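Asks: After the structure tokens below, expect a handful of questions from me.
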Amino acid sequence: MNHRRIFFRVILAACLTVAFAACGQTESEPVAVASAGPAPDPPGPIDAQVGETVEREGVTIKLHETGATTSFGGNVQADDGFFFISAKMSITNTGSGELAQGAEALILELPDGKEGRFQHMGPSTLVPLVGPAPGLSHDYGWRSWQVPTGTRSATLSYRPTADLEIRFAVFTPTEIRDRWLEGGQFKLNAGAICGSCTQGRRPD
């Protein structure tokens, strides 16, 4: 009889161990799925794609990559029915004048004629709100916009001066990241990140 009780206790302990271990496991990162079907054309005209560099009239800009997420961690969550599109870019001032780089200079145009809502945030170093001085460069930085769920394409319009516009085609993935931490870390304080880089650096 005692042997039977010991046996059942061993089995019960093993089951509890398995149950508690399962509770400690985390599922894979959840994603939100955008609308199916082909993405519409981004608003035109288009000068370049993601991964390309454009040199024109005193400015060089490269759009390194783009991504999409519903959260940057903590309390940084997109509104219901929206998500963030983020773009990583580097900008060099090859001219002699000032370059605009605020919300009015980096605009995300949507196919329905509206614009993404400017957000000075991203998964890592941010694009400063002030452009680099003549002869200087910003290595890279992120800029984000909040857009409606289901957005599949957009156009990043860079307007550094009153007479210049450079346009990149942007396509969002069908699966939107639930949380986006570049390099395993999330940095949101733009002053702490970019306080020393608003003056830019001389390109190599």
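Every chain in the structure tokens has a letter given in the order shown (A, B, ...), and although residue numbers restart at 1 in each chain, ligands are simply numbered from 1 in the order shown.
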Between range 64-146 of chain A and range 153-171 of chain A, at 8 Å or less, what are the per-residue closest atom pairs and their distances in Å? Count only C-alpha atoms, order by chain and rising residue number, and return it as a Markdown table.
Replies:
| residue | atom | partner | partner_atom | distance |
| --- | --- | --- | --- | --- |
| A:Thr66 | CA | A:Val170 | CA | 7.4 |
| A:Glu98 | CA | A:Thr161 | CA | 7.9 |
| A:Leu99 | CA | A:Pro160 | CA | 4.8 |
| A:Ala100 | CA | A:Pro160 | CA | 4.5 |
| A:Gln101 | CA | A:Pro160 | CA | 6.3 |
| A:Glu104 | CA | A:Arg159 | CA | 7.7 |
| A:Ala105 | CA | A:Arg159 | CA | 4.6 |
| A:Leu106 | CA | A:Tyr158 | CA | 4.8 |
| A:Ile107 | CA | A:Ser157 | CA | 5.1 |
| A:Leu108 | CA | A:Leu156 | CA | 4.6 |
| A:Glu109 | CA | A:Thr155 | CA | 5.0 |
| A:Leu110 | CA | A:Ala154 | CA | 4.8 |
| A:Pro111 | CA | A:Ala154 | CA | 6.3 |
Asks: Report the distance between CA of Arg56 in chain A and CA of Met121 in chain A in Å, rounded to one decimal place.
Replies: 26.8 Å
Asks: Go through A:Tyr140, A:Phe118, A:Trp180, A:Trp145 and flag the residue nearest Gly73 in chain A, using only C-alpha atoms for the distances.
Replies: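 The closest residue to Gly73 in chain A is A:Trp180.
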Asks: May I have the residues within 6 Å of Glu65 in chain A as a PyMOL selection string, using only C-alpha atoms and disregarding those fewer than 3 positions away in the same chain?
Replies: chain A and resi 50+87-88
Asks: Might you pull out every residue within 12 Å of Gly37 in chain A, with only C-alpha atoms counted and same-chain residues fewer than 4 positions away left off, and present them as a list of chain:residue names?
Replies: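 Result of the neighbour search: A:Val33, A:Gly150, A:Thr151, A:Arg152, A:Pro173, A:Thr174.
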Asks: Name the closest residue to Gly135 in chain A among the candidates A:Gly116, A:Gly122, A:Pro148, A:Gly58; distances are taken between atoms, counting only C-alpha atoms.
Replies: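 Looking at the shortest contact to Gly135 in chain A, the residue is A:Gly58.
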Asks: Please, which residues of range 32-199 of chain A, numbered as in this document, come out alpha helix (DSSP H) from DSSP, as a list in words?
Replies: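 Of range 32-199 of chain A, the ones in alpha helix (DSSP H) are Ala190, Gly191, Ala192, Ile193 and Cys194 of chain A.
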Asks: Using only C-alpha atoms, which residue out of A:Gly67, A:Pro45, A:Met89, A:Ala78 lies closest to Pro123 in chain A?
Replies: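 Ranking A:Gly67, A:Pro45, A:Met89, A:Ala78 by distance to Pro123 in chain A, first place goes to A:Gly67.
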Asks: CA of Asn93 in chain A and CA of Gly131 in chain A are how many Å apart?
Replies: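 According to the coordinates, CA of Asn93 in chain A and CA of Gly131 in chain A are separated by 7.9 Å.
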